[in-house]
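Student: Enclosed is the structure file coords_39.txt (compact mmCIF, C-alpha atoms).
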```txt
# COMPACT_ATOMS: atom_id res chain seq x y z
CA MET A 56 -113.47 -95.50 29.45
CA ARG A 57 -114.23 -95.20 33.16
CA LEU A 58 -111.28 -92.86 33.57
CA PHE A 59 -112.62 -90.73 30.73
CA LEU A 60 -116.08 -90.50 32.31
CA ALA A 61 -114.47 -89.69 35.65
CA LEU A 62 -112.41 -86.96 33.96
CA ILE A 63 -115.53 -85.36 32.48
CA ILE A 64 -117.27 -85.40 35.86
CA ILE A 65 -114.21 -83.91 37.56
CA VAL A 66 -113.97 -81.10 35.00
CA LEU A 67 -117.66 -80.29 35.43
CA VAL A 68 -117.59 -80.40 39.23
CA ALA A 69 -114.10 -78.97 39.80
CA PRO A 70 -115.11 -75.27 39.62
CA LEU A 71 -117.14 -75.85 42.78
CA ALA A 72 -113.86 -76.69 44.53
CA ALA A 73 -112.30 -73.30 43.76
CA THR A 74 -111.11 -71.76 47.01
CA HIS A 75 -110.70 -68.22 45.66
CA ASP A 76 -111.99 -65.98 42.93
CA PRO A 77 -109.86 -67.00 39.90
CA LEU A 78 -109.81 -63.40 38.66
CA ALA A 79 -109.09 -61.69 41.99
CA THR A 80 -105.60 -60.18 42.16
CA ASP A 81 -103.55 -59.48 45.28
CA THR A 82 -100.23 -57.66 44.93
CA GLU A 83 -99.18 -58.79 48.42
CA THR A 84 -99.26 -62.50 47.53
CA GLN A 85 -97.49 -62.54 44.17
CA ARG A 86 -95.87 -65.87 43.22
CA GLN A 87 -96.23 -67.46 46.62
CA ALA A 88 -95.29 -71.13 46.82
CA PRO A 89 -98.02 -73.75 47.46
CA SER A 90 -99.37 -73.55 50.99
CA GLY A 91 -102.44 -74.28 53.04
CA GLU A 92 -104.00 -71.01 51.90
CA HIS A 93 -103.07 -71.42 48.23
CA TRP A 94 -102.85 -75.13 47.40
CA LEU A 95 -100.99 -74.62 44.09
CA GLY A 96 -99.48 -71.26 44.95
CA THR A 97 -100.22 -67.92 43.32
CA ASP A 98 -99.26 -66.35 39.99
CA GLY A 99 -97.57 -63.07 39.12
CA LEU A 100 -100.70 -61.08 39.99
CA GLY A 101 -101.39 -62.90 43.24
CA ARG A 102 -104.25 -64.97 41.80
CA ASP A 103 -104.83 -68.44 43.24
CA VAL A 104 -103.45 -71.01 40.77
CA TRP A 105 -105.63 -73.88 42.06
CA SER A 106 -108.80 -71.88 41.46
CA ARG A 107 -107.63 -70.86 38.00
CA VAL A 108 -106.76 -74.44 37.03
CA VAL A 109 -110.05 -75.98 38.15
CA THR A 110 -112.04 -73.13 36.63
CA GLY A 111 -110.04 -73.05 33.42
CA GLY A 112 -110.58 -76.76 32.86
CA GLY A 113 -114.24 -76.17 32.05
CA ARG A 114 -113.40 -73.54 29.43
CA THR A 115 -110.61 -75.62 27.90
CA PHE A 116 -112.79 -78.73 27.67
CA GLY A 117 -115.73 -76.71 26.38
CA VAL A 118 -113.68 -75.28 23.52
CA ALA A 119 -112.26 -78.74 22.73
CA ALA A 120 -115.73 -80.34 22.77
CA LEU A 121 -117.20 -77.67 20.49
CA ALA A 122 -114.23 -77.91 18.12
CA SER A 123 -114.61 -81.70 18.01
CA SER A 124 -118.29 -81.36 17.11
CA ILE A 125 -117.44 -78.88 14.36
CA ALA A 126 -114.92 -81.35 12.96
CA LEU A 127 -116.87 -84.58 13.36
CA LEU A 128 -120.38 -83.70 12.21
CA PRO A 129 -119.51 -82.36 8.74
CA GLY A 130 -116.53 -84.69 8.53
CA VAL A 131 -118.59 -87.84 9.06
CA LEU A 132 -121.32 -86.62 6.72
CA GLY A 133 -118.79 -85.65 4.06
CA GLY A 134 -116.97 -88.98 4.34
CA LEU A 135 -120.20 -90.94 3.97
CA LEU A 136 -121.35 -88.92 0.98
CA LEU A 137 -117.99 -89.18 -0.78
CA SER A 138 -117.91 -92.94 -0.26
CA ALA A 139 -121.20 -93.15 -2.19
CA ALA A 140 -120.24 -90.61 -4.87
CA PRO A 141 -119.04 -91.59 -8.35
CA ARG A 142 -115.39 -92.55 -8.59
CA TYR A 143 -114.33 -89.52 -10.62
CA TRP A 144 -115.84 -87.18 -8.04
CA GLY A 145 -113.94 -88.97 -5.28
CA GLU A 146 -110.67 -88.55 -7.19
CA ILE A 147 -111.30 -84.84 -7.63
CA THR A 148 -112.11 -84.46 -3.96
CA ASP A 149 -108.96 -86.34 -2.99
CA LEU A 150 -106.89 -83.65 -4.68
CA GLY A 151 -108.53 -80.98 -2.53
CA LEU A 152 -108.17 -83.03 0.64
CA ASN A 153 -104.50 -83.72 -0.05
CA ALA A 154 -103.89 -80.00 -0.56
CA ILE A 155 -105.53 -79.21 2.78
CA LEU A 156 -103.75 -82.07 4.58
CA ALA A 157 -100.42 -80.66 3.42
CA PHE A 158 -100.84 -77.97 6.09
CA PRO A 159 -100.43 -78.96 9.76
CA ASN A 160 -103.69 -78.66 11.71
CA LEU A 161 -102.27 -76.05 14.05
CA ILE A 162 -101.03 -73.85 11.21
CA LEU A 163 -104.37 -74.12 9.41
CA ALA A 164 -106.22 -73.28 12.63
CA LEU A 165 -103.93 -70.29 13.13
CA ILE A 166 -104.74 -69.01 9.63
CA ILE A 167 -108.49 -69.42 10.21
CA LEU A 168 -108.30 -67.73 13.60
CA THR A 169 -106.58 -64.68 12.15
CA LEU A 170 -109.49 -64.36 9.71
CA VAL A 171 -112.43 -64.86 12.10
CA GLY A 172 -111.05 -63.04 15.14
CA GLN A 173 -110.25 -64.02 18.71
CA GLY A 174 -112.38 -65.49 21.49
CA ALA A 175 -113.66 -68.85 22.66
CA LEU A 176 -116.10 -69.40 19.77
CA PRO A 177 -113.68 -68.34 17.01
CA LEU A 178 -111.03 -70.52 18.66
CA ALA A 179 -113.31 -73.57 18.62
CA LEU A 180 -114.36 -72.80 15.05
CA ALA A 181 -110.77 -72.52 13.84
CA VAL A 182 -109.59 -75.69 15.58
CA GLY A 183 -112.65 -77.63 14.40
CA LEU A 184 -112.53 -76.52 10.78
CA ALA A 185 -108.88 -77.47 10.57
CA GLN A 186 -109.76 -81.09 11.38
CA ILE A 187 -112.64 -81.62 8.94
CA ALA A 188 -110.42 -82.82 6.10
CA PRO A 189 -108.65 -85.53 8.16
CA THR A 190 -112.03 -86.67 9.48
CA ILE A 191 -113.43 -87.02 5.97
CA ARG A 192 -110.40 -89.09 4.98
CA VAL A 193 -110.74 -91.41 8.00
CA VAL A 194 -114.50 -91.92 7.52
CA ARG A 195 -114.12 -92.60 3.84
CA GLY A 196 -111.35 -95.11 4.53
CA ALA A 197 -113.51 -96.89 7.09
CA VAL A 198 -116.35 -97.17 4.57
CA VAL A 199 -114.04 -98.49 1.86
CA ALA A 200 -112.76 -101.14 4.28
CA ILE A 201 -116.24 -102.69 4.62
CA ARG A 202 -117.46 -102.01 1.09
CA GLY A 203 -117.07 -105.64 0.01
CA GLU A 204 -118.87 -107.18 2.99
CA GLY A 205 -121.65 -109.63 2.20
CA TYR A 206 -124.34 -107.89 4.20
CA LEU A 207 -123.99 -104.80 2.00
CA ASP A 208 -124.37 -106.90 -1.13
CA SER A 209 -127.44 -108.54 0.35
CA ALA A 210 -128.96 -105.16 1.21
CA ARG A 211 -128.35 -103.91 -2.32
CA ALA A 212 -129.91 -107.05 -3.76
CA LEU A 213 -133.01 -106.42 -1.66
CA GLY A 214 -133.32 -102.95 -3.15
CA ALA A 215 -131.96 -100.84 -0.29
CA SER A 216 -131.39 -97.22 -1.29
CA THR A 217 -128.03 -95.52 -0.91
CA ARG A 218 -129.35 -93.53 2.03
CA ARG A 219 -130.53 -96.66 3.80
CA LEU A 220 -127.25 -98.44 3.11
CA LEU A 221 -125.27 -95.59 4.64
CA LEU A 222 -127.46 -94.98 7.69
CA VAL A 223 -128.62 -98.51 8.54
CA HIS A 224 -125.78 -100.75 7.40
CA VAL A 225 -122.60 -98.71 6.99
CA LEU A 226 -122.72 -96.18 9.84
CA PRO A 227 -123.39 -98.70 12.67
CA ASN A 228 -120.56 -100.93 11.45
CA ILE A 229 -117.97 -98.16 11.34
CA ALA A 230 -119.16 -96.67 14.65
CA PRO A 231 -116.25 -98.21 16.68
CA THR A 232 -113.76 -96.60 14.30
CA LEU A 233 -115.58 -93.28 14.54
CA LEU A 234 -115.69 -93.39 18.34
CA ALA A 235 -111.98 -94.16 18.54
CA TYR A 236 -111.16 -91.37 16.11
CA ALA A 237 -113.42 -88.98 18.02
CA GLY A 238 -111.06 -89.40 20.96
CA VAL A 239 -108.14 -88.48 18.74
CA VAL A 240 -110.00 -85.42 17.45
CA PHE A 241 -110.80 -84.31 20.99
CA SER A 242 -107.16 -84.71 22.03
CA TYR A 243 -105.95 -82.67 19.07
CA SER A 244 -108.63 -80.06 19.76
CA LEU A 245 -107.56 -79.74 23.37
CA LEU A 246 -103.87 -79.47 22.49
CA ASN A 247 -104.38 -77.06 19.58
CA SER A 248 -106.77 -74.80 21.49
CA ALA A 249 -104.36 -74.71 24.43
CA ALA A 250 -101.48 -73.94 22.05
CA LEU A 251 -103.37 -71.07 20.42
CA SER A 252 -104.38 -69.73 23.82
CA PHE A 253 -100.73 -70.00 24.83
CA LEU A 254 -99.91 -67.76 21.87
CA GLY A 255 -102.47 -65.21 23.06
CA LEU A 256 -105.11 -65.96 20.41
CA GLY A 257 -107.75 -67.51 22.64
CA GLY A 258 -109.40 -64.32 23.84
CA GLU A 259 -108.80 -62.19 26.93
CA PRO A 260 -105.38 -62.96 28.46
CA GLY A 261 -106.66 -63.04 32.03
CA VAL A 262 -109.48 -65.55 31.46
CA PRO A 263 -108.78 -68.88 33.24
CA ASP A 264 -107.63 -71.32 30.56
CA TRP A 265 -104.94 -73.97 30.65
CA GLY A 266 -103.16 -72.51 27.63
CA VAL A 267 -103.23 -69.04 29.17
CA LEU A 268 -101.86 -70.46 32.43
CA LEU A 269 -98.96 -72.01 30.52
CA ALA A 270 -98.18 -68.65 28.93
CA GLU A 271 -98.37 -66.87 32.28
CA GLY A 272 -96.19 -69.49 33.96
CA ARG A 273 -93.54 -69.36 31.26
CA GLN A 274 -92.58 -65.79 32.20
CA GLY A 275 -91.51 -66.74 35.70
CA PHE A 276 -90.87 -70.46 35.42
CA ARG A 277 -87.54 -70.38 37.25
CA THR A 278 -88.93 -68.61 40.31
CA ALA A 279 -92.51 -69.95 40.27
CA PRO A 280 -92.61 -73.24 38.31
CA TRP A 281 -95.90 -74.34 39.91
CA ILE A 282 -97.91 -71.99 37.66
CA ALA A 283 -96.94 -73.65 34.36
CA LEU A 284 -96.56 -77.14 35.84
CA SER A 285 -100.13 -77.14 37.15
CA ALA A 286 -101.61 -76.41 33.72
CA GLY A 287 -99.11 -78.64 31.91
CA ILE A 288 -99.88 -81.64 34.12
CA ALA A 289 -103.63 -81.03 33.69
CA ILE A 290 -103.32 -80.97 29.87
CA THR A 291 -101.01 -83.99 29.72
CA THR A 292 -103.15 -86.08 32.06
CA SER A 293 -106.35 -85.21 30.19
CA VAL A 294 -104.87 -86.11 26.80
CA MET A 295 -103.51 -89.40 28.14
CA ILE A 296 -106.89 -90.37 29.59
CA VAL A 297 -108.75 -89.47 26.39
CA ASN A 298 -106.27 -91.39 24.24
CA ARG A 299 -106.49 -94.41 26.53
CA ALA A 300 -110.28 -94.39 26.24
CA ALA A 301 -110.02 -94.15 22.44
CA ASP A 302 -107.55 -97.05 22.41
CA GLN A 303 -109.91 -99.18 24.50
CA VAL A 304 -112.77 -98.48 22.09
CA ALA A 305 -110.58 -99.45 19.13
CA ARG A 306 -109.44 -102.70 20.75
CA HIS A 307 -112.76 -103.71 22.28
CA PRO A 308 -115.45 -102.13 20.06
CA ARG A 309 -118.29 -104.23 21.44
CA ARG A 310 -117.76 -103.38 25.10
```
For this file, produce the structure as structure tokens.

Tutor:
Amino acid sequence: MRLFLALIIIVLVAPLAATHDPLATDTETQRQAPSGEHWLGTDGLGRDVWSRVVTGGGRTFGVAALASSIALLPGVLGGLLLSAAPRYWGEITDLGLNAILAFPNLILALIILTLVGQGALPLALAVGLAQIAPTIRVVRGAVVAIRGEGYLDSARALGASTRRLLLVHVLPNIAPTLLAYAGVVFSYSLLNSAALSFLGLGGEPGVPDWGVLLAEGRQGFRTAPWIALSAGIAITTSVMIVNRAADQVARHPRR
């Protein structure tokens, strides 16, 4: 968890460490190797890779955070409501969820993105909407797992309403599961948004973004591998830290 908090702080503060304008091009310094002037080298347009990585991290994390919110808020609410709905309604809803879950998240996000257009907000919307169905399934499963607990029976016997049961008794007790799954959602959001940006669907091609950097580095990987490696290492490290934090929450929910 400490690594995750440190990662967030680094992403927020990192743009201050940019040594060059991430959008400034220089035809005389194209694809220069890492040096004292350019710590991670330059790309095909002479732009400083270090400055683009540290600046692009904020955009990449921002899109992932927004996408996670879009997935988690309606997903948690929908899972709670379905867990309290009549059984026949839950069975009908399961059919719809299974149909949606038959599509990979990335493919579903790609379909949504082609409908709503390109840009940071449409990208976050597409990635987030694609993960609502899995979130509903996870939340509903967590509620079913504690449905037979004695404290719920006691609350019902005392006349607690369905709303009170869900908000006061159910939600706090499934919070560790939700927090752990939130880390998974964030990781998927980061990977999927970077993948869609890699495909050129994240907005303007020149905007600093880790997915865009991967796409730019792919074109000249043999002669200038530092462009793609810098973004790839940043994405991989971030996902590993987020997943480790989620694993710690799942194993030690009370800490």

Student: Compare A:Gly257, A:Gly272, A:Pro70, A:Gly96 by their minimum atom-to-atom distance to A:Pro177, counting all atoms listed in the file, and give me the closest one.

Tutor: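 Checking each candidate against A:Pro177, we get A:Gly257 as the closest.
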
Student: Extract, using only C-alpha atoms, all DNA, RNA and protein residues at most 9 Å from A:Trp281, discarding same-chain residues fewer than 4 positions from it, and format them as a PDB file with C-alpha atoms, in the frame of the given file.

Tutor:
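Wrote result.pdb, looks like this:
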```pdb
ATOM      1  CA  ALA A  88     -95.290 -71.130  46.820  1.00  0.00           C
ATOM      2  CA  PRO A  89     -98.020 -73.750  47.460  1.00  0.00           C
ATOM      3  CA  LEU A  95    -100.990 -74.620  44.090  1.00  0.00           C
ATOM      4  CA  GLY A  96     -99.480 -71.260  44.950  1.00  0.00           C
ATOM      5  CA  THR A  97    -100.220 -67.920  43.320  1.00  0.00           C
ATOM      6  CA  ASP A  98     -99.260 -66.350  39.990  1.00  0.00           C
ATOM      7  CA  VAL A 104    -103.450 -71.010  40.770  1.00  0.00           C
ATOM      8  CA  GLY A 272     -96.190 -69.490  33.960  1.00  0.00           C
ATOM      9  CA  PHE A 276     -90.870 -70.460  35.420  1.00  0.00           C
ATOM     10  CA  SER A 285    -100.130 -77.140  37.150  1.00  0.00           C
ATOM     11  CA  ALA A 286    -101.610 -76.410  33.720  1.00  0.00           C
TER      12      ALA A 286
END
```

Student: Please list as a ChimeraX atom specification every residue within 9 Å of A:Val108, counting all atoms listed in the file and excluding residues in the same chain fewer than 3 positions away.

Tutor: /A:70,73,77,103-105,111-112,263-265,268,285-286,289

Student: Between atom CA of A:Phe158 and atom CA of A:Gly287, what is the distance, to one decimal in Å?

Tutor: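 We find that atom CA of A:Phe158 and atom CA of A:Gly287 lie 25.9 Å from each other.
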
Student: Of the candidates A:Ala120, A:Leu135, A:Val199, A:Leu254, which shows the shortest atom-to-atom distance to A:Arg219, using all atoms listed in the file?

Tutor: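 Counting all atoms listed in the file, the residue closest to A:Arg219 is A:Leu135.
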
Student: For A:Thr80, which residue among A:Leu234, A:Val223, A:Ala61, A:Leu100 is the nearest when counting only C-alpha atoms?

Tutor: A:Leu100

Student: Taking into account all atoms listed in the file, which residue in the set A:Gly172, A:Gly91, A:Pro159, A:Gly238 is nearest to A:Leu256?

Tutor: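 Of A:Gly172, A:Gly91, A:Pro159, A:Gly238, the one nearest A:Leu256, counting all atoms listed in the file, is A:Gly172.
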
Student: Would you work out the distance separating atom CA of A:Thr292 from atom CA of A:Leu62, expressed in Å to one decimal?

Tutor: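 Answer for the atom CA of A:Thr292 to atom CA of A:Leu62 separation: 9.5 Å.
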
Student: Set the distance at 12 Å and use only C-alpha atoms: which residues neighbour A:Gln173 once local chain neighbours fewer than 4 positions away are removed? I'd like the list as a PyMOL selection string.

Tutor: chain A and resi 164-169+177-181+248+251-252+254-260

Student: Measuring atom to atom with all atoms listed in the file, identify which of A:Ser293, A:Gln85, A:Thr110, A:Gln186 is nearest to A:Ala72.

Tutor: A:Thr110

Student: Smallest atom-to-atom distance to A:Gly117: which of A:Leu176, A:Ala79, A:Gly133, A:Tyr143, using only C-alpha atoms?

Tutor: A:Leu176

Student: Atom CA of A:Val182 to atom CA of A:Leu161: how many Å, to one decimal?

Tutor: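 The value is 7.5 Å.
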
Student: Is it possible to get the residues within 8 Å of (-115.6, -99.4, 10.4) (coordinates as in the file, counting all atoms listed in the file) written as a PyMOL selection string?

Tutor: chain A and resi 197-198+200-201+225-226+228-233
